[in-house]
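A.B. asks: Submitted below is the structure of interest, expressed as structure tokens.
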Amino acid sequence: MRQNKVVKLHNVPNLNIGVIIFVLLFLFLGVQIIRSLNQKHYSVYEVQHSYMDDNISGSAMALRSETLVSTDTSGYINYYIRNGEKVGKNATVYTLDSTGTLSDMISEASGEDIVLSNAGYAEIQSDIRAFQSYYTDVSFSDVYDFKYELDGEILSIANAQVLDSLTAAGSLGSFAQINAPESGIVTYYQDGYESKKPSDLTNADFDTAGYQRSSLKTGDVLQAGSPVYKLITSEIWNLVLPLSEEDAARLKEDTRVTLYMPNITNVVYGDIEVIQNGDAYFANITLDKLLVNYCNDRYIPIEIVMSKQEGLSVPNSAILEKDVIKVPKDYLTTGSNSSKKKFLNVRTIDENGNMSIQQIAPTIYNSDDTYCYVNPADFAAGAVLVKNDSDQTFNISDAGHATLTGVYYASEGIATFKQIEILTTNDEFAIIKEGVDYSLSMYDRIILDASTVEEGQII
């Protein structure tokens with residue numbers, strides 16, 4: 001009897017609500033991942049303000065009125081004038097010591113503490129300020145070059161002061177003081193281009209890999225006839241820049257150009273002449289200033305300013321062309337609700353032959369004084385437009401066609417064609433006109449590759 005009263009219960013699983021939620025979330029994430037893998041992704045580009053120029057740039061050769069001055073007598077040379085310093089006619093440039101005792105006297109006097117003159121300090125401070133004005137961390141190695149130049153400059157100034165002291169004390173004896181034959185700028189290097197003229201140059205002269213220059217300050221005993229220094233005797237000098245045939249044609253009619261030059265904050269103006277030496281073309285630019293800034297440079301990077309276009313920047317890959325139709329502008333109406341949106345009255349005939357007027361909002365890509373340029377896909381075949389408050393009609397089949405250049409606008413999640421007006425272009429980007437009706441604005445997002453989508457596609 002007791003056994004008959006025992007009731008067997010089936011095992012009912014204990015459902016945990018947390019496990020159910022976790023399983024559902026896991027399934028949802030799995031479905032989303034699969035959809036994401038199967039979904040095509042589109043790259044977009046944000047339109048920014050930019051500029052583009054078509055300037056002509058390159059490394060120009062500097063040609064000047066340069067004369068190598070040689071010594072008539074063998075001996076030791078001690079210089080009075082710093083590199084790049086202007087010297088007047090008959091001013092002492094160096095002393096010539098046939099025995100070497102003058103060098104010993106200068107070294108002995110220089111061993112004592114020498115206090116630079118106010119003029120000497122002013123020269124050094126001026127050079128430091130000039131270096132600070134164009135120094136950047138990108139070219140940190142220039143610091144070492146400047147250090148060596150400054151050491152040499154201080155030594156030259158100190159030696160000049162010592163020589164002045166020895167001269168005042170009458171200690172120089174019979175040592176020869178050699179004066180400049182004429183006024184000019186003194187430099188202490190030679191490179192073989194001192195007598196070159198613009199008409200002598202070829203493209204091979206601009207191969208800087210083979211360029212060599214040597215210092216005239218060797219510290220050795222110079223033999224008679226050896227060059228001692230170089231004298232630049234005119235402030236008029238030339239920059240010669242190799243040109244392509246296309247650039248030569250662009251500059252052929254110009255007589256004056258604007259230049260960008262290194263370490264100069266302002267633009268530079270010069271007279272220009274395009275010359276042809278054999279098959280090579282060159283821009284021969286004549287300057288009458290800044291010679292002292294570049295007296296130690298044979299090759300100078302320059303940029304001839306041609307034009308500069310500012311606007312919105314778009315990648316070339318985003319640009320496409322679209323065929324549109326031209327609808328008379330006077331057929332547009334603001335619609336019954338007087339909104340700013342433009343409408344067209346389209347006449348329709350139903351299957352019973354009943355005629356009615358339907359308003360549609362066409363996709364307008366551009367407009368001028370006579371026509372608006374619209375998407376032909378907005379109209380059925382044989383559609384007829386009716387002018388507002390008039391009996392005049394226009395058959396869409398009679399509409400003219402035009403080709404517009406544009407991009408696919410993507411900011412609203414649908415690929416929409418927008419017309420652009422290109423100002424200039426290069427291999428990667430185009431600069432388009434800003435502030436054009438029906439066109440792009442800054443920060444608009446466009447499809448990076450126009451070939452990956454079609455108009456109206458959801459992205």
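Every chain in the structure tokens takes a letter, A first, then B, and so on in the order presented; its residues are numbered from 1, and the ligands are numbered from 1 following the presented order.
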To test your reading of the structure, identify every residue in stretch 160-304 of chain A that backbone DSSP assigns to helix (DSSP H, G or I), and report it as a list of chain:residue names.

C.D. replies: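 Reading the DSSP output for stretch 160-304 of chain A, helix (DSSP H, G or I) covers A:Ala160, A:Gln161, A:Val162, A:Leu163, A:Asp164, A:Ser165, A:Leu166, A:Thr167, A:Ala168, A:Pro198, A:Ser199, A:Asp200, A:Asn203, A:Ala204, A:Asp205, A:Phe206, A:Thr208, A:Ala209, A:Gly210, A:Glu245, A:Glu246, A:Asp247, A:Ala248, A:Ala249, A:Arg250, A:Leu251, A:Val292, A:Asn293, A:Tyr294.
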
A.B. asks: If we count only C-alpha atoms, what is near stretch 332-334 of chain A at a cut-off of 9 Å, once residues fewer than 3 positions away on the same chain are taken out, given as a short mmCIF file (atom, residue, chain, number, x, y, z; two decimals) with all heavy atoms, in the first residue's frame?

C.D. replies:
data_model
loop_
_atom_site.label_atom_id
_atom_site.label_comp_id
_atom_site.auth_asym_id
_atom_site.auth_seq_id
_atom_site.Cartn_x
_atom_site.Cartn_y
_atom_site.Cartn_z
N VAL A 327 16.32 71.04 -69.45
CA VAL A 327 14.91 71.41 -69.39
C VAL A 327 14.82 72.92 -69.26
O VAL A 327 15.55 73.52 -68.45
CB VAL A 327 14.21 70.72 -68.20
CG1 VAL A 327 12.79 71.25 -68.03
CG2 VAL A 327 14.20 69.21 -68.41
N PRO A 328 13.94 73.58 -70.05
CA PRO A 328 13.81 75.04 -69.92
C PRO A 328 13.53 75.45 -68.48
O PRO A 328 12.66 74.89 -67.81
CB PRO A 328 12.64 75.37 -70.85
CG PRO A 328 12.65 74.28 -71.87
CD PRO A 328 13.09 73.05 -71.12
N LYS A 329 14.27 76.44 -68.03
CA LYS A 329 14.20 76.83 -66.62
C LYS A 329 12.85 77.40 -66.24
O LYS A 329 12.41 77.31 -65.08
CB LYS A 329 15.31 77.84 -66.33
CG LYS A 329 15.61 78.06 -64.88
CD LYS A 329 16.84 78.94 -64.71
CE LYS A 329 17.18 79.14 -63.25
NZ LYS A 329 18.40 79.99 -63.09
N ASN A 337 2.85 74.26 -52.13
CA ASN A 337 3.08 74.68 -50.74
C ASN A 337 4.10 75.81 -50.64
O ASN A 337 4.54 76.14 -49.55
CB ASN A 337 3.54 73.49 -49.89
CG ASN A 337 4.82 72.86 -50.46
OD1 ASN A 337 5.33 73.30 -51.47
ND2 ASN A 337 5.31 71.84 -49.76
N SER A 338 4.47 76.37 -51.80
CA SER A 338 5.40 77.53 -51.85
C SER A 338 6.71 77.25 -51.15
O SER A 338 7.32 78.14 -50.57
CB SER A 338 4.73 78.77 -51.23
OG SER A 338 3.57 79.10 -51.94
N SER A 339 7.17 76.00 -51.17
CA SER A 339 8.46 75.67 -50.56
C SER A 339 9.59 76.09 -51.49
O SER A 339 9.38 76.44 -52.66
CB SER A 339 8.54 74.17 -50.26
OG SER A 339 8.57 73.44 -51.47
N LYS A 340 10.80 76.03 -50.99
CA LYS A 340 11.96 76.38 -51.80
C LYS A 340 12.32 75.28 -52.79
O LYS A 340 13.10 75.50 -53.71
CB LYS A 340 13.17 76.65 -50.88
CG LYS A 340 13.00 77.90 -50.03
CD LYS A 340 14.25 78.16 -49.19
CE LYS A 340 14.09 79.42 -48.36
NZ LYS A 340 15.29 79.70 -47.53
N LYS A 341 11.76 74.13 -52.63
CA LYS A 341 12.03 73.02 -53.54
C LYS A 341 11.37 73.27 -54.89
O LYS A 341 10.25 73.76 -54.97
CB LYS A 341 11.50 71.72 -52.92
CG LYS A 341 12.08 70.47 -53.54
CD LYS A 341 11.71 69.24 -52.71
CE LYS A 341 12.42 68.02 -53.24
NZ LYS A 341 12.12 66.81 -52.42
N LYS A 342 12.09 72.92 -55.95
CA LYS A 342 11.58 73.17 -57.30
C LYS A 342 10.86 71.93 -57.83
O LYS A 342 11.27 70.79 -57.59
CB LYS A 342 12.75 73.52 -58.23
CG LYS A 342 13.52 74.77 -57.80
CD LYS A 342 12.66 76.02 -57.88
CE LYS A 342 13.46 77.27 -57.53
NZ LYS A 342 12.63 78.49 -57.58
N PHE A 343 9.77 72.18 -58.58
CA PHE A 343 8.95 71.12 -59.14
C PHE A 343 8.74 71.33 -60.63
O PHE A 343 8.93 72.44 -61.15
CB PHE A 343 7.58 71.05 -58.45
CG PHE A 343 7.64 70.65 -57.00
CD1 PHE A 343 7.84 71.60 -56.01
CD2 PHE A 343 7.48 69.32 -56.63
CE1 PHE A 343 7.89 71.23 -54.68
CE2 PHE A 343 7.52 68.95 -55.30
CZ PHE A 343 7.73 69.90 -54.33
N LEU A 344 8.35 70.27 -61.31
CA LEU A 344 7.93 70.33 -62.70
C LEU A 344 6.54 69.73 -62.81
O LEU A 344 6.22 68.72 -62.16
CB LEU A 344 8.90 69.55 -63.60
CG LEU A 344 10.29 70.16 -63.81
CD1 LEU A 344 11.18 69.18 -64.56
CD2 LEU A 344 10.20 71.48 -64.57
N ASN A 345 5.68 70.35 -63.65
CA ASN A 345 4.34 69.81 -63.91
C ASN A 345 4.43 68.83 -65.06
O ASN A 345 4.76 69.20 -66.20
CB ASN A 345 3.37 70.94 -64.25
CG ASN A 345 3.22 71.92 -63.10
OD1 ASN A 345 3.20 71.53 -61.94
ND2 ASN A 345 3.10 73.21 -63.43
N CYS A 372 17.82 74.16 -66.82
CA CYS A 372 18.27 73.42 -65.65
C CYS A 372 18.63 72.01 -66.14
O CYS A 372 18.00 71.48 -67.07
CB CYS A 372 17.20 73.36 -64.56
SG CYS A 372 15.62 72.65 -65.06
N LYS A 387 3.90 74.17 -68.62
CA LYS A 387 4.34 75.37 -67.91
C LYS A 387 3.25 75.82 -66.96
O LYS A 387 2.06 75.77 -67.29
CB LYS A 387 4.69 76.48 -68.90
CG LYS A 387 5.27 77.72 -68.24
CD LYS A 387 5.59 78.81 -69.26
CE LYS A 387 6.77 78.41 -70.11
NZ LYS A 387 7.21 79.56 -70.96
N ASN A 388 3.65 76.26 -65.80
CA ASN A 388 2.70 76.67 -64.77
C ASN A 388 1.90 77.88 -65.24
O ASN A 388 2.46 78.84 -65.80
CB ASN A 388 3.46 77.02 -63.49
CG ASN A 388 2.57 76.95 -62.27
OD1 ASN A 388 1.74 76.05 -62.15
ND2 ASN A 388 2.76 77.88 -61.35
#

A.B. asks: For A:Ala60, which residue out of A:Ile302, A:Val93, A:Val143, A:Ala180 is the nearest one, using only C-alpha atoms?

C.D. replies: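 Comparing A:Ile302, A:Val93, A:Val143, A:Ala180 against A:Ala60, the winner is A:Ile302.
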
A.B. asks: Near A:Asp323, counting only C-alpha atoms, which residues have an atom at most 9 Å away, once you skip same-chain residues fewer than 3 positions from it, shown as a PDB file with all heavy atoms, in the first residue's frame?

C.D. replies:
ATOM      1  N   ASN A 375      18.201  64.883 -64.072  1.00  0.00           N
ATOM      2  CA  ASN A 375      18.425  63.451 -64.267  1.00  0.00           C
ATOM      3  C   ASN A 375      17.364  62.901 -65.213  1.00  0.00           C
ATOM      4  O   ASN A 375      16.158  62.989 -64.933  1.00  0.00           O
ATOM      5  CB  ASN A 375      18.361  62.740 -62.924  1.00  0.00           C
ATOM      6  CG  ASN A 375      18.791  61.292 -63.009  1.00  0.00           C
ATOM      7  OD1 ASN A 375      19.094  60.788 -64.078  1.00  0.00           O
ATOM      8  ND2 ASN A 375      18.808  60.625 -61.864  1.00  0.00           N
ATOM      9  N   PRO A 376      17.749  62.307 -66.346  1.00  0.00           N
ATOM     10  CA  PRO A 376      16.741  61.768 -67.274  1.00  0.00           C
ATOM     11  C   PRO A 376      15.946  60.614 -66.679  1.00  0.00           C
ATOM     12  O   PRO A 376      14.825  60.321 -67.134  1.00  0.00           O
ATOM     13  CB  PRO A 376      17.587  61.308 -68.473  1.00  0.00           C
ATOM     14  CG  PRO A 376      18.980  61.142 -67.948  1.00  0.00           C
ATOM     15  CD  PRO A 376      19.121  62.139 -66.853  1.00  0.00           C
ATOM     16  N   HIS A 401      20.828  67.196 -74.634  1.00  0.00           N
ATOM     17  CA  HIS A 401      21.652  66.460 -73.675  1.00  0.00           C
ATOM     18  C   HIS A 401      22.946  67.228 -73.401  1.00  0.00           C
ATOM     19  O   HIS A 401      23.427  68.000 -74.229  1.00  0.00           O
ATOM     20  CB  HIS A 401      21.970  65.063 -74.202  1.00  0.00           C
ATOM     21  CG  HIS A 401      20.801  64.132 -74.168  1.00  0.00           C
ATOM     22  ND1 HIS A 401      20.692  63.092 -73.270  1.00  0.00           N
ATOM     23  CD2 HIS A 401      19.641  64.103 -74.917  1.00  0.00           C
ATOM     24  CE1 HIS A 401      19.561  62.443 -73.468  1.00  0.00           C
ATOM     25  NE2 HIS A 401      18.907  63.037 -74.459  1.00  0.00           N
ATOM     26  N   ALA A 402      23.492  66.998 -72.230  1.00  0.00           N
ATOM     27  CA  ALA A 402      24.772  67.596 -71.842  1.00  0.00           C
ATOM     28  C   ALA A 402      25.516  66.615 -70.944  1.00  0.00           C
ATOM     29  O   ALA A 402      24.908  65.708 -70.357  1.00  0.00           O
ATOM     30  CB  ALA A 402      24.572  68.924 -71.117  1.00  0.00           C
ATOM     31  N   THR A 403      26.807  66.781 -70.860  1.00  0.00           N
ATOM     32  CA  THR A 403      27.640  65.933 -70.008  1.00  0.00           C
ATOM     33  C   THR A 403      28.219  66.780 -68.886  1.00  0.00           C
ATOM     34  O   THR A 403      28.881  67.798 -69.151  1.00  0.00           O
ATOM     35  CB  THR A 403      28.776  65.275 -70.810  1.00  0.00           C
ATOM     36  OG1 THR A 403      28.219  64.485 -71.859  1.00  0.00           O
ATOM     37  CG2 THR A 403      29.620  64.389 -69.915  1.00  0.00           C
ATOM     38  N   LEU A 404      27.954  66.384 -67.656  1.00  0.00           N
ATOM     39  CA  LEU A 404      28.456  67.099 -66.489  1.00  0.00           C
ATOM     40  C   LEU A 404      29.547  66.285 -65.806  1.00  0.00           C
ATOM     41  O   LEU A 404      29.494  65.048 -65.781  1.00  0.00           O
ATOM     42  CB  LEU A 404      27.331  67.372 -65.490  1.00  0.00           C
ATOM     43  CG  LEU A 404      26.169  68.250 -65.967  1.00  0.00           C
ATOM     44  CD1 LEU A 404      25.170  68.449 -64.827  1.00  0.00           C
ATOM     45  CD2 LEU A 404      26.666  69.588 -66.494  1.00  0.00           C
TER      46      LEU A 404
END

A.B. asks: Please report the interatomic distance between atom CA of A:Ser244 and atom CA of A:Tyr281 in Å with one decimal.

C.D. replies: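 Here the two named atoms are 6.6 Å from each other.
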
A.B. asks: At what distance in Å, to one decimal, does atom CA of A:Gly84 lie from atom CA of A:Tyr294?

C.D. replies: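 That distance, rounded to one decimal, is 8.9 Å.
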
A.B. asks: So that I can see what lies close to A:Gly278, please list as a PDB file with C-alpha atoms, in the first residue's frame the residues with an atom at most 12 Å from it, counting only C-alpha atoms and leaving out residues fewer than 2 positions away in the same chain.

C.D. replies:
ATOM      1  CA  SER A 199      74.897  80.251 -73.440  1.00  0.00           C
ATOM      2  CA  ASP A 200      77.675  77.776 -72.536  1.00  0.00           C
ATOM      3  CA  LEU A 201      75.549  75.515 -70.353  1.00  0.00           C
ATOM      4  CA  THR A 202      74.181  72.068 -71.185  1.00  0.00           C
ATOM      5  CA  ASN A 203      72.052  69.642 -69.205  1.00  0.00           C
ATOM      6  CA  ILE A 275      67.277  80.368 -74.232  1.00  0.00           C
ATOM      7  CA  GLN A 276      67.879  77.218 -76.249  1.00  0.00           C
ATOM      8  CA  ALA A 280      68.011  71.911 -74.217  1.00  0.00           C
ATOM      9  CA  TYR A 281      65.929  74.815 -72.935  1.00  0.00           C
ATOM     10  CA  PHE A 282      66.881  77.098 -70.040  1.00  0.00           C
TER      11      PHE A 282
END

A.B. asks: In Å, rounded to a single decimal, give me how far atom CA of A:Lys289 is from atom CA of A:Ile128.

C.D. replies: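 Answer for the atom CA of A:Ile128 to atom CA of A:Lys289 separation: 21.7 Å.
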
A.B. asks: Compare A:Asp53, A:Glu123, A:Glu421, A:Glu455 by their minimum atom-to-atom distance to A:Leu312, counting only C-alpha atoms, and give me the closest one.

C.D. replies: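 Ranked by minimum distance to A:Leu312, first place goes to A:Glu421.
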
A.B. asks: Hey, what does DSSP flag as strand (DSSP E or B) within stretch 313-427 of chain A? Can you give it to me as a PDB file with C-alpha atoms, in the first residue's frame?

C.D. replies:
ATOM      1  CA  SER A 313      40.273  69.276 -52.991  1.00  0.00           C
ATOM      2  CA  VAL A 314      38.798  66.028 -54.361  1.00  0.00           C
ATOM      3  CA  PRO A 315      40.671  62.880 -55.470  1.00  0.00           C
ATOM      4  CA  LEU A 320      33.050  60.835 -63.139  1.00  0.00           C
ATOM      5  CA  GLU A 321      30.923  62.173 -65.971  1.00  0.00           C
ATOM      6  CA  LYS A 322      27.149  61.964 -66.233  1.00  0.00           C
ATOM      7  CA  ASP A 323      24.759  62.427 -69.141  1.00  0.00           C
ATOM      8  CA  VAL A 324      21.881  64.771 -68.259  1.00  0.00           C
ATOM      9  CA  ILE A 325      19.034  66.495 -70.104  1.00  0.00           C
ATOM     10  CA  LYS A 326      18.328  70.208 -70.450  1.00  0.00           C
ATOM     11  CA  VAL A 327      14.907  71.405 -69.393  1.00  0.00           C
ATOM     12  CA  PRO A 328      13.810  75.038 -69.919  1.00  0.00           C
ATOM     13  CA  LEU A 332      10.151  75.090 -62.875  1.00  0.00           C
ATOM     14  CA  THR A 333       7.686  76.006 -60.155  1.00  0.00           C
ATOM     15  CA  PHE A 343       8.953  71.116 -59.139  1.00  0.00           C
ATOM     16  CA  LEU A 344       7.934  70.331 -62.702  1.00  0.00           C
ATOM     17  CA  ASN A 345       4.343  69.815 -63.905  1.00  0.00           C
ATOM     18  CA  VAL A 346       4.201  66.512 -65.801  1.00  0.00           C
ATOM     19  CA  ARG A 347       1.119  65.713 -67.893  1.00  0.00           C
ATOM     20  CA  THR A 348      -0.061  62.114 -67.517  1.00  0.00           C
ATOM     21  CA  ILE A 349      -2.821  60.158 -69.262  1.00  0.00           C
ATOM     22  CA  MET A 355      -5.454  63.580 -68.495  1.00  0.00           C
ATOM     23  CA  SER A 356      -4.025  64.931 -65.234  1.00  0.00           C
ATOM     24  CA  ILE A 357      -1.114  67.012 -64.016  1.00  0.00           C
ATOM     25  CA  GLN A 358       1.373  65.530 -61.554  1.00  0.00           C
ATOM     26  CA  GLN A 359       4.105  67.512 -59.838  1.00  0.00           C
ATOM     27  CA  ILE A 360       7.516  65.880 -59.478  1.00  0.00           C
ATOM     28  CA  ILE A 364      18.661  69.204 -60.501  1.00  0.00           C
ATOM     29  CA  TYR A 365      22.437  69.031 -60.973  1.00  0.00           C
ATOM     30  CA  ASN A 366      23.020  72.547 -62.277  1.00  0.00           C
ATOM     31  CA  SER A 367      21.290  75.491 -63.911  1.00  0.00           C
ATOM     32  CA  TYR A 371      18.160  75.636 -68.669  1.00  0.00           C
ATOM     33  CA  CYS A 372      18.273  73.415 -65.650  1.00  0.00           C
ATOM     34  CA  TYR A 373      20.208  70.166 -65.989  1.00  0.00           C
ATOM     35  CA  VAL A 374      18.266  67.229 -64.581  1.00  0.00           C
ATOM     36  CA  VAL A 384       5.365  66.066 -71.399  1.00  0.00           C
ATOM     37  CA  LEU A 385       5.956  69.097 -69.200  1.00  0.00           C
ATOM     38  CA  VAL A 386       3.344  71.811 -68.753  1.00  0.00           C
ATOM     39  CA  THR A 393       4.200  72.244 -73.158  1.00  0.00           C
ATOM     40  CA  PHE A 394       7.637  70.684 -73.551  1.00  0.00           C
ATOM     41  CA  ASN A 395       8.254  67.099 -74.615  1.00  0.00           C
ATOM     42  CA  GLY A 400      18.928  68.471 -75.358  1.00  0.00           C
ATOM     43  CA  HIS A 401      21.652  66.460 -73.675  1.00  0.00           C
ATOM     44  CA  ALA A 402      24.772  67.596 -71.842  1.00  0.00           C
ATOM     45  CA  THR A 403      27.640  65.933 -70.008  1.00  0.00           C
ATOM     46  CA  LEU A 404      28.456  67.099 -66.489  1.00  0.00           C
ATOM     47  CA  THR A 405      31.559  66.358 -64.431  1.00  0.00           C
ATOM     48  CA  GLY A 406      30.917  65.467 -60.822  1.00  0.00           C
ATOM     49  CA  VAL A 407      31.262  63.102 -57.878  1.00  0.00           C
ATOM     50  CA  TYR A 408      28.983  60.892 -55.791  1.00  0.00           C
ATOM     51  CA  TYR A 409      27.883  62.731 -52.642  1.00  0.00           C
ATOM     52  CA  ILE A 414      22.756  57.530 -50.646  1.00  0.00           C
ATOM     53  CA  THR A 416      23.940  61.234 -55.177  1.00  0.00           C
ATOM     54  CA  PHE A 417      25.612  62.826 -58.179  1.00  0.00           C
ATOM     55  CA  LYS A 418      26.815  66.379 -57.629  1.00  0.00           C
ATOM     56  CA  GLN A 419      28.340  68.487 -60.338  1.00  0.00           C
ATOM     57  CA  ILE A 422      37.444  71.785 -61.892  1.00  0.00           C
ATOM     58  CA  LEU A 423      39.969  74.626 -61.663  1.00  0.00           C
ATOM     59  CA  THR A 424      43.156  72.592 -61.968  1.00  0.00           C
ATOM     60  CA  THR A 425      44.368  69.043 -61.457  1.00  0.00           C
TER      61      THR A 425
END

A.B. asks: Smallest atom-to-atom distance to A:Leu448: which of A:Tyr79, A:Tyr269, A:Phe429, A:Phe206, using only C-alpha atoms?

C.D. replies: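 Nearest to A:Leu448: A:Phe429.
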
A.B. asks: Looking at only C-alpha atoms, which of A:Asp254, A:Met52, A:Val186, A:Ile285 is the one that sits closest to A:Ala430?

C.D. replies: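 Of A:Asp254, A:Met52, A:Val186, A:Ile285, the one nearest A:Ala430, counting only C-alpha atoms, is A:Met52.
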
A.B. asks: Hey, what's within 12 Å of A:Ala410 if we count only C-alpha atoms and toss same-chain stuff fewer than 6 positions away? As an MDAnalysis selection string, please?

C.D. replies: chainID A and resid 42:47 318 416:418 440 443:450 453:459
